[in-house]
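> I have a structure here, written as structure tokens, and I will follow up with some questions on it.
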Amino acid sequence: MGQIQELEIPEGVEFIGVLIPGLKTRKITLPSTLKAMASFGDNVLPPYLQHIENLKEVHIKCANPPVMDDFLLKYENLKHVTLYVPKGAKTAYARDLNWRNFGAIIEEDVVIKAITIDEQPSIKG
């Protein structure tokens, strides 16, 4: 994931184990269906060694903050990153002990694209 500049987790995903932004990641988009994450950040490096200088935006389409077991990135790591949340959700994210670590929280209109069966990726073996 070190070379990915923009990462979008597709609709339908409800749980993410570990999400570690790559060195070149600028933007992450999380789906409206996300309910929980095990951790956000590197669980090997101490928080002060997180290498996310290029990360500028995290867009999350969930009206309610997903449950987070380990939010390994602190304000010091995220003060230059803006969290974009659905309109009307800013207060919930600002009150959440994990999600409030971002430098700014901005509300935005959220468009959720429905995935039809024909559009779902198939695994060929």
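Chain labels run A, B, ... following the order of the structure tokens; each chain numbers its residues from 1, and ligands are numbered from 1 in the order shown.
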Just want the 12 Å neighbourhood of Ala94 in chain A, counted on only C-alpha atoms, with same-chain residues fewer than 4 positions away dropped. Output as a list in words.
Asn64, Pro65, Leu83, Tyr84, Val85, Gly88, Ala89, Lys90, Asn98, Trp99, Arg100, Asn101, Phe102, Gly103, Ala104, Ile105, Ile106 and Glu107 of chain A
> Please indicate the distance in Å from CA of Lys87 in chain A to CA of Met68 in chain A, rounded to one decimal place.
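The value is 21.2 Å.
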> Could you check the closest approach to Lys27 in chain A for each of A:Asp42, A:Asp69, A:Glu11, A:Glu6 and tell me which residue wins, using only C-alpha atoms?
A:Glu6
> Give the answer as one residue: which of A:Leu72, A:Leu30, A:Ala38, A:Leu19 has the shortest atom-to-atom distance to Val58 in chain A, using only C-alpha atoms?
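Under the stated criterion, the closest residue is A:Leu30.
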> Any idea what's packed within 10 Å of Ile16 in chain A, counting only C-alpha atoms, ignoring anything in its chain fewer than 6 positions away? Could you give it as a PyMOL selection string?
chain A and resi 9+30+34-40+68
> Set the distance at 9 Å and use only C-alpha atoms: which residues neighbour Glu76 in chain A once local chain neighbours fewer than 2 positions away are removed? I'd like the list as an MDAnalysis selection string.
chainID A and resid 47:48 73:74 78:80 101:103
> Keeping only all heavy atoms, write those residues as a PDB file, in the first residue's frame.

ATOM      1  N   PRO A  47       3.354   5.879  17.885  1.00  0.00           N
ATOM      2  CA  PRO A  47       2.603   6.942  17.204  1.00  0.00           C
ATOM      3  C   PRO A  47       3.465   8.108  16.719  1.00  0.00           C
ATOM      4  O   PRO A  47       3.188   8.681  15.689  1.00  0.00           O
ATOM      5  CB  PRO A  47       1.606   7.407  18.271  1.00  0.00           C
ATOM      6  CG  PRO A  47       1.427   6.225  19.151  1.00  0.00           C
ATOM      7  CD  PRO A  47       2.769   5.526  19.162  1.00  0.00           C
ATOM      8  N   TYR A  48       4.527   8.449  17.434  1.00  0.00           N
ATOM      9  CA  TYR A  48       5.338   9.596  17.018  1.00  0.00           C
ATOM     10  C   TYR A  48       6.202   9.284  15.794  1.00  0.00           C
ATOM     11  O   TYR A  48       6.817  10.166  15.230  1.00  0.00           O
ATOM     12  CB  TYR A  48       6.208  10.104  18.166  1.00  0.00           C
ATOM     13  CG  TYR A  48       7.169   9.086  18.729  1.00  0.00           C
ATOM     14  CD1 TYR A  48       8.429   8.912  18.170  1.00  0.00           C
ATOM     15  CD2 TYR A  48       6.810   8.306  19.809  1.00  0.00           C
ATOM     16  CE1 TYR A  48       9.305   7.971  18.673  1.00  0.00           C
ATOM     17  CE2 TYR A  48       7.684   7.363  20.329  1.00  0.00           C
ATOM     18  CZ  TYR A  48       8.924   7.199  19.756  1.00  0.00           C
ATOM     19  OH  TYR A  48       9.775   6.259  20.261  1.00  0.00           O
ATOM     20  N   LEU A  73      -3.162   6.699  15.706  1.00  0.00           N
ATOM     21  CA  LEU A  73      -2.697   8.016  15.289  1.00  0.00           C
ATOM     22  C   LEU A  73      -3.270   9.071  16.229  1.00  0.00           C
ATOM     23  O   LEU A  73      -4.462   9.091  16.497  1.00  0.00           O
ATOM     24  CB  LEU A  73      -3.119   8.296  13.849  1.00  0.00           C
ATOM     25  CG  LEU A  73      -2.566   7.306  12.823  1.00  0.00           C
ATOM     26  CD1 LEU A  73      -3.154   7.587  11.451  1.00  0.00           C
ATOM     27  CD2 LEU A  73      -1.052   7.366  12.777  1.00  0.00           C
ATOM     28  N   LYS A  74      -2.448   9.914  16.713  1.00  0.00           N
ATOM     29  CA  LYS A  74      -2.862  10.966  17.646  1.00  0.00           C
ATOM     30  C   LYS A  74      -2.935  12.302  16.916  1.00  0.00           C
ATOM     31  O   LYS A  74      -2.580  12.416  15.755  1.00  0.00           O
ATOM     32  CB  LYS A  74      -1.866  11.058  18.819  1.00  0.00           C
ATOM     33  CG  LYS A  74      -1.703   9.755  19.565  1.00  0.00           C
ATOM     34  CD  LYS A  74      -3.014   9.252  20.109  1.00  0.00           C
ATOM     35  CE  LYS A  74      -2.855   7.912  20.802  1.00  0.00           C
ATOM     36  NZ  LYS A  74      -4.073   7.135  20.787  1.00  0.00           N
ATOM     37  N   LEU A  78      -2.103  13.782  13.059  1.00  0.00           N
ATOM     38  CA  LEU A  78      -3.238  14.106  12.193  1.00  0.00           C
ATOM     39  C   LEU A  78      -3.577  15.589  12.111  1.00  0.00           C
ATOM     40  O   LEU A  78      -4.559  15.960  11.477  1.00  0.00           O
ATOM     41  CB  LEU A  78      -4.479  13.343  12.679  1.00  0.00           C
ATOM     42  CG  LEU A  78      -4.371  11.823  12.594  1.00  0.00           C
ATOM     43  CD1 LEU A  78      -5.530  11.177  13.331  1.00  0.00           C
ATOM     44  CD2 LEU A  78      -4.324  11.374  11.155  1.00  0.00           C
ATOM     45  N   LYS A  79      -2.789  16.449  12.717  1.00  0.00           N
ATOM     46  CA  LYS A  79      -3.134  17.866  12.749  1.00  0.00           C
ATOM     47  C   LYS A  79      -3.171  18.497  11.361  1.00  0.00           C
ATOM     48  O   LYS A  79      -3.820  19.509  11.156  1.00  0.00           O
ATOM     49  CB  LYS A  79      -2.215  18.645  13.684  1.00  0.00           C
ATOM     50  CG  LYS A  79      -0.761  18.638  13.299  1.00  0.00           C
ATOM     51  CD  LYS A  79       0.070  19.329  14.368  1.00  0.00           C
ATOM     52  CE  LYS A  79       1.557  19.164  14.083  1.00  0.00           C
ATOM     53  NZ  LYS A  79       2.352  19.670  15.186  1.00  0.00           N
ATOM     54  N   HIS A  80      -2.529  17.879  10.390  1.00  0.00           N
ATOM     55  CA  HIS A  80      -2.536  18.383   9.014  1.00  0.00           C
ATOM     56  C   HIS A  80      -3.538  17.631   8.124  1.00  0.00           C
ATOM     57  O   HIS A  80      -3.579  17.844   6.924  1.00  0.00           O
ATOM     58  CB  HIS A  80      -1.132  18.281   8.410  1.00  0.00           C
ATOM     59  CG  HIS A  80      -0.659  16.865   8.268  1.00  0.00           C
ATOM     60  ND1 HIS A  80      -0.160  16.156   9.325  1.00  0.00           N
ATOM     61  CD2 HIS A  80      -0.640  16.025   7.204  1.00  0.00           C
ATOM     62  CE1 HIS A  80       0.151  14.935   8.910  1.00  0.00           C
ATOM     63  NE2 HIS A  80      -0.130  14.834   7.628  1.00  0.00           N
ATOM     64  N   ASN A 101      -9.348  13.257  16.724  1.00  0.00           N
ATOM     65  CA  ASN A 101      -7.912  13.539  16.640  1.00  0.00           C
ATOM     66  C   ASN A 101      -7.480  14.247  15.365  1.00  0.00           C
ATOM     67  O   ASN A 101      -6.328  14.651  15.251  1.00  0.00           O
ATOM     68  CB  ASN A 101      -7.102  12.240  16.780  1.00  0.00           C
ATOM     69  CG  ASN A 101      -7.088  11.738  18.204  1.00  0.00           C
ATOM     70  OD1 ASN A 101      -7.211  12.508  19.135  1.00  0.00           O
ATOM     71  ND2 ASN A 101      -6.950  10.439  18.373  1.00  0.00           N
ATOM     72  N   PHE A 102      -8.379  14.383  14.390  1.00  0.00           N
ATOM     73  CA  PHE A 102      -8.009  15.033  13.131  1.00  0.00           C
ATOM     74  C   PHE A 102      -7.878  16.538  13.333  1.00  0.00           C
ATOM     75  O   PHE A 102      -8.536  17.123  14.184  1.00  0.00           O
ATOM     76  CB  PHE A 102      -9.047  14.718  12.053  1.00  0.00           C
ATOM     77  CG  PHE A 102      -8.952  13.311  11.559  1.00  0.00           C
ATOM     78  CD1 PHE A 102      -9.586  12.274  12.232  1.00  0.00           C
ATOM     79  CD2 PHE A 102      -8.211  13.002  10.430  1.00  0.00           C
ATOM     80  CE1 PHE A 102      -9.480  10.967  11.795  1.00  0.00           C
ATOM     81  CE2 PHE A 102      -8.098  11.699   9.976  1.00  0.00           C
ATOM     82  CZ  PHE A 102      -8.736  10.678  10.657  1.00  0.00           C
ATOM     83  N   GLY A 103      -7.047  17.164  12.499  1.00  0.00           N
ATOM     84  CA  GLY A 103      -6.813  18.603  12.594  1.00  0.00           C
ATOM     85  C   GLY A 103      -8.070  19.413  12.370  1.00  0.00           C
ATOM     86  O   GLY A 103      -8.254  20.460  12.983  1.00  0.00           O
TER      87      GLY A 103
END
> From a DSSP pass on the backbone, collect the residues of chain A flagged as strand (DSSP E or B) and hand them back as a PDB file with C-alpha atoms, in the first residue's frame.

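As written to disk, part07.pdb reads:
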ATOM      1  CA  GLU A   6      -5.902   7.487  -3.178  1.00  0.00           C
ATOM      2  CA  LEU A   7      -7.567   4.569  -1.409  1.00  0.00           C
ATOM      3  CA  GLU A   8     -11.325   4.014  -1.516  1.00  0.00           C
ATOM      4  CA  PHE A  15     -15.196  -4.192   9.145  1.00  0.00           C
ATOM      5  CA  ILE A  16     -11.572  -3.262   8.479  1.00  0.00           C
ATOM      6  CA  GLY A  17      -8.862  -5.057  10.392  1.00  0.00           C
ATOM      7  CA  VAL A  18      -5.873  -2.729  10.206  1.00  0.00           C
ATOM      8  CA  LEU A  19      -5.754   0.385   8.037  1.00  0.00           C
ATOM      9  CA  LYS A  27      -6.681  10.540   0.425  1.00  0.00           C
ATOM     10  CA  ILE A  28      -8.673   7.724   2.021  1.00  0.00           C
ATOM     11  CA  THR A  29     -12.419   7.221   1.532  1.00  0.00           C
ATOM     12  CA  LEU A  30     -14.333   4.903   3.871  1.00  0.00           C
ATOM     13  CA  ALA A  36     -15.879  -1.024  13.037  1.00  0.00           C
ATOM     14  CA  MET A  37     -12.123  -1.001  12.576  1.00  0.00           C
ATOM     15  CA  ALA A  38      -9.568  -2.917  14.611  1.00  0.00           C
ATOM     16  CA  SER A  39      -6.951  -0.196  14.208  1.00  0.00           C
ATOM     17  CA  PHE A  40      -6.076   2.893  12.235  1.00  0.00           C
ATOM     18  CA  GLU A  57      -7.947  13.914   3.561  1.00  0.00           C
ATOM     19  CA  VAL A  58      -9.993  11.129   5.093  1.00  0.00           C
ATOM     20  CA  HIS A  59     -13.583  10.995   3.830  1.00  0.00           C
ATOM     21  CA  ILE A  60     -15.989   8.820   5.753  1.00  0.00           C
ATOM     22  CA  VAL A  67     -16.181   1.729  16.535  1.00  0.00           C
ATOM     23  CA  MET A  68     -12.387   1.702  16.762  1.00  0.00           C
ATOM     24  CA  ASP A  69     -10.404  -0.719  18.922  1.00  0.00           C
ATOM     25  CA  ASP A  70      -6.999   0.962  18.489  1.00  0.00           C
ATOM     26  CA  PHE A  71      -6.735   4.441  17.020  1.00  0.00           C
ATOM     27  CA  THR A  82      -8.928  16.907   7.437  1.00  0.00           C
ATOM     28  CA  LEU A  83     -11.725  14.447   8.244  1.00  0.00           C
ATOM     29  CA  TYR A  84     -14.750  14.862   5.969  1.00  0.00           C
ATOM     30  CA  VAL A  85     -18.008  13.510   7.396  1.00  0.00           C
ATOM     31  CA  PRO A  86     -21.637  13.511   6.206  1.00  0.00           C
ATOM     32  CA  ALA A 104     -10.208  19.624  11.219  1.00  0.00           C
ATOM     33  CA  ILE A 105     -13.605  18.019  10.744  1.00  0.00           C
ATOM     34  CA  ILE A 106     -15.704  19.280   7.849  1.00  0.00           C
ATOM     35  CA  GLU A 107     -19.209  18.241   6.856  1.00  0.00           C
ATOM     36  CA  GLU A 108     -19.906  17.443   3.207  1.00  0.00           C
TER      37      GLU A 108
END
> Just list the residues in range 2-125 of chain A DSSP gives helix (DSSP H, G or I) on the backbone, as a VMD selection string.
chain A and resid 47 to 49 75 to 78 90 to 95 99 to 101 117 to 119
> Please compute the CA of Glu14 in chain A-CA of Ala63 in chain A distance, one decimal, in Å.
13.7 Å
> Residues within 9 Å of Ile52 in chain A, please, as a list in words. Count only C-alpha atoms; anything in the same chain fewer than 5 positions from it doesn't count.
Pro21, Gly22, Leu23, Lys24, Thr25, Arg26, Asn77 and Leu78 of chain A
> Taking only C-alpha atoms into account, which of A:Val81, A:Arg95, A:Ser32, A:Gly12 comes nearest Cys62 in chain A?
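With only C-alpha atoms as the atom set, the closest residue is A:Ser32.
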